[in-house]
Amino acid sequence: MTRNYTELVKTYASLEGRTIASIVEEALRQWMKSRGDYEEVYLWIKLEQQYEENLKTLTEEINKSAGKYRSGYALACDSRLVGVFRSYDEALSKSKDACRDHGLIVKLPYKEEVEEIELGFPW
């Protein structure tokens with residue numbers, strides 16, 4: 001006999017005066033609790049979001065510049081282009097003063113190349 005879990009969930013939700021979404025959210029909370037400490041995952045999510053924001057800012061600024069930034073190392077952080085520097089070390093040094101969180105340093109001229117990087121996570 002095949003069970004129709006969708007109908008069961010709808011029925012329980014109705015009997016309890018709840019929405020299906022609230023039951024799914026409850027199930028997800030329980031599932032996350034069973035995973036233990038997930039602060040590291042939040043840090044990776046934040047890092048990824050900052051990377052995406054800084055890359056978007058950087059590409060927009062480079063595209064608006066009409067070839068102004070031809071060489072060097074561009075530093076973007078906090079969703080703004082901090083500047084273009086002659087060396088990577090110079091950009092890195094500036095990032096320590098100018099960035100609240102993580103900065104993005106890109107060698108110019110910037111070319112979008114998709115490359116998969118293995119971070120070595122156990123999952």
# chains A, B, ... in the order shown; residues from 1 in each chain; ligands from 1

call {"tool": "select_by_dssp", "arguments": {"residues": "chain A", "states": "strand (DSSP E or B)", "output": "list in words"}}
result
Gly72, Tyr73, Ala74, Leu75, Ala76, Cys77, Arg80, Leu81, Val82, Gly83, Val84, Phe85, Gly103, Leu104, Ile105, Val106, Lys107 and Leu108 of chain A

call {"tool": "residues_around", "arguments": {"residues": "range 24-35 of chain A", "least_positions_apart": "5", "cutoff": "12 Å", "atoms": "only C-alpha atoms", "output": "number ranges by chain"}}
result
A: 6, 9-10, 13, 18-19, 40-41

call {"tool": "write_last_selection", "arguments": {"atoms": "C-alpha atoms", "output": "PDB file, in the first residue's frame"}}
result
ATOM      1  CA  THR A   6       0.928  15.026   1.110  1.00  0.00           C
ATOM      2  CA  VAL A   9       0.329  16.466   6.093  1.00  0.00           C
ATOM      3  CA  LYS A  10      -2.618  18.509   4.796  1.00  0.00           C
ATOM      4  CA  ALA A  13      -2.139  20.752   9.405  1.00  0.00           C
ATOM      5  CA  ARG A  18      -1.602  25.258  10.995  1.00  0.00           C
ATOM      6  CA  THR A  19      -0.190  25.855   7.557  1.00  0.00           C
ATOM      7  CA  GLU A  40      30.848  27.283  10.359  1.00  0.00           C
ATOM      8  CA  VAL A  41      28.242  26.904   7.624  1.00  0.00           C
TER       9      VAL A  41
END

call {"tool": "closest_atom_pairs", "arguments": {"of": "range 39-84 of chain A", "to": "range 88-103 of chain A", "cutoff": "10 Å", "atoms": "only C-alpha atoms", "output": "Markdown table"}}
result
| residue | atom | partner | partner_atom | distance |
| --- | --- | --- | --- | --- |
| A:Lys46 | CA | A:His102 | CA | 9.6 |
| A:Leu47 | CA | A:His102 | CA | 7.2 |
| A:Glu48 | CA | A:His102 | CA | 10.0 |
| A:Gln50 | CA | A:His102 | CA | 7.0 |
| A:Tyr51 | CA | A:Gly103 | CA | 7.7 |
| A:Asn54 | CA | A:Gly103 | CA | 7.4 |
| A:Leu55 | CA | A:Gly103 | CA | 9.7 |
| A:Gly72 | CA | A:Tyr88 | CA | 7.9 |
| A:Tyr73 | CA | A:Tyr88 | CA | 5.9 |
| A:Ala74 | CA | A:Ala91 | CA | 7.2 |
| A:Leu75 | CA | A:Ala91 | CA | 6.1 |
| A:Ala76 | CA | A:Gly103 | CA | 5.7 |
| A:Cys77 | CA | A:Gly103 | CA | 4.4 |
| A:Asp78 | CA | A:Cys99 | CA | 6.5 |
| A:Ser79 | CA | A:Gly103 | CA | 9.1 |
| A:Arg80 | CA | A:Cys99 | CA | 9.7 |
| A:Leu81 | CA | A:Gly103 | CA | 9.8 |
| A:Val82 | CA | A:Ala98 | CA | 7.4 |
| A:Gly83 | CA | A:Ala91 | CA | 8.1 |
| A:Val84 | CA | A:Ala91 | CA | 7.4 |

call {"tool": "write_last_selection", "arguments": {"atoms": "N, CA and C atoms", "output": "PDB file, in the first residue's frame"}}
result
ATOM      1  N   LYS A  46      28.171  33.582   4.594  1.00  0.00           N
ATOM      2  CA  LYS A  46      28.496  35.012   4.637  1.00  0.00           C
ATOM      3  C   LYS A  46      29.670  35.330   3.708  1.00  0.00           C
ATOM      4  N   LEU A  47      30.683  34.488   3.723  1.00  0.00           N
ATOM      5  CA  LEU A  47      31.840  34.684   2.859  1.00  0.00           C
ATOM      6  C   LEU A  47      31.438  34.643   1.387  1.00  0.00           C
ATOM      7  N   GLU A  48      30.594  33.683   1.035  1.00  0.00           N
ATOM      8  CA  GLU A  48      30.120  33.562  -0.348  1.00  0.00           C
ATOM      9  C   GLU A  48      29.309  34.787  -0.766  1.00  0.00           C
ATOM     10  N   GLN A  50      29.537  37.863   0.481  1.00  0.00           N
ATOM     11  CA  GLN A  50      30.443  38.998   0.335  1.00  0.00           C
ATOM     12  C   GLN A  50      31.229  38.899  -0.975  1.00  0.00           C
ATOM     13  N   TYR A  51      31.661  37.691  -1.315  1.00  0.00           N
ATOM     14  CA  TYR A  51      32.382  37.488  -2.571  1.00  0.00           C
ATOM     15  C   TYR A  51      31.509  37.908  -3.751  1.00  0.00           C
ATOM     16  N   ASN A  54      31.046  41.749  -3.841  1.00  0.00           N
ATOM     17  CA  ASN A  54      32.264  42.435  -4.239  1.00  0.00           C
ATOM     18  C   ASN A  54      32.596  42.190  -5.708  1.00  0.00           C
ATOM     19  N   LEU A  55      32.369  40.974  -6.192  1.00  0.00           N
ATOM     20  CA  LEU A  55      32.623  40.682  -7.601  1.00  0.00           C
ATOM     21  C   LEU A  55      31.673  41.477  -8.491  1.00  0.00           C
ATOM     22  N   GLY A  72      47.181  46.010 -13.050  1.00  0.00           N
ATOM     23  CA  GLY A  72      47.271  46.187 -11.613  1.00  0.00           C
ATOM     24  C   GLY A  72      46.374  45.203 -10.884  1.00  0.00           C
ATOM     25  N   TYR A  73      46.064  45.552  -9.642  1.00  0.00           N
ATOM     26  CA  TYR A  73      45.235  44.695  -8.795  1.00  0.00           C
ATOM     27  C   TYR A  73      44.107  45.526  -8.208  1.00  0.00           C
ATOM     28  N   ALA A  74      42.888  45.158  -8.535  1.00  0.00           N
ATOM     29  CA  ALA A  74      41.714  45.886  -8.057  1.00  0.00           C
ATOM     30  C   ALA A  74      41.264  45.291  -6.730  1.00  0.00           C
ATOM     31  N   LEU A  75      40.931  46.162  -5.790  1.00  0.00           N
ATOM     32  CA  LEU A  75      40.439  45.748  -4.477  1.00  0.00           C
ATOM     33  C   LEU A  75      39.003  46.230  -4.320  1.00  0.00           C
ATOM     34  N   ALA A  76      38.108  45.276  -4.040  1.00  0.00           N
ATOM     35  CA  ALA A  76      36.714  45.606  -3.750  1.00  0.00           C
ATOM     36  C   ALA A  76      36.370  45.009  -2.397  1.00  0.00           C
ATOM     37  N   CYS A  77      35.683  45.794  -1.582  1.00  0.00           N
ATOM     38  CA  CYS A  77      35.180  45.281  -0.309  1.00  0.00           C
ATOM     39  C   CYS A  77      34.023  46.158   0.138  1.00  0.00           C
ATOM     40  N   ASP A  78      33.187  45.577   0.977  1.00  0.00           N
ATOM     41  CA  ASP A  78      32.006  46.293   1.476  1.00  0.00           C
ATOM     42  C   ASP A  78      31.177  46.853   0.319  1.00  0.00           C
ATOM     43  N   SER A  79      31.122  46.100  -0.768  1.00  0.00           N
ATOM     44  CA  SER A  79      30.356  46.444  -1.975  1.00  0.00           C
ATOM     45  C   SER A  79      30.791  47.768  -2.606  1.00  0.00           C
ATOM     46  N   ARG A  80      32.080  48.030  -2.586  1.00  0.00           N
ATOM     47  CA  ARG A  80      32.615  49.227  -3.252  1.00  0.00           C
ATOM     48  C   ARG A  80      34.017  48.939  -3.764  1.00  0.00           C
ATOM     49  N   LEU A  81      34.402  49.617  -4.832  1.00  0.00           N
ATOM     50  CA  LEU A  81      35.746  49.505  -5.363  1.00  0.00           C
ATOM     51  C   LEU A  81      36.636  50.440  -4.560  1.00  0.00           C
ATOM     52  N   VAL A  82      37.587  49.878  -3.851  1.00  0.00           N
ATOM     53  CA  VAL A  82      38.493  50.686  -3.025  1.00  0.00           C
ATOM     54  C   VAL A  82      39.539  51.360  -3.896  1.00  0.00           C
ATOM     55  N   GLY A  83      40.073  50.619  -4.849  1.00  0.00           N
ATOM     56  CA  GLY A  83      41.066  51.196  -5.740  1.00  0.00           C
ATOM     57  C   GLY A  83      41.782  50.140  -6.542  1.00  0.00           C
ATOM     58  N   VAL A  84      42.682  50.610  -7.405  1.00  0.00           N
ATOM     59  CA  VAL A  84      43.526  49.733  -8.213  1.00  0.00           C
ATOM     60  C   VAL A  84      44.966  50.028  -7.810  1.00  0.00           C
TER      61      VAL A  84
END

call {"tool": "closest_residue", "arguments": {"among": "A:Ala21, A:Leu104, A:Gly67, A:Arg86", "to": "Gln49 in chain A", "atoms": "only C-alpha atoms"}}
result
A:Leu104

call {"tool": "closest_residue", "arguments": {"among": "A:Ser22, A:Trp44, A:Glu7, A:Lys56", "to": "Phe121 in chain A", "atoms": "only C-alpha atoms"}}
result
A:Trp44
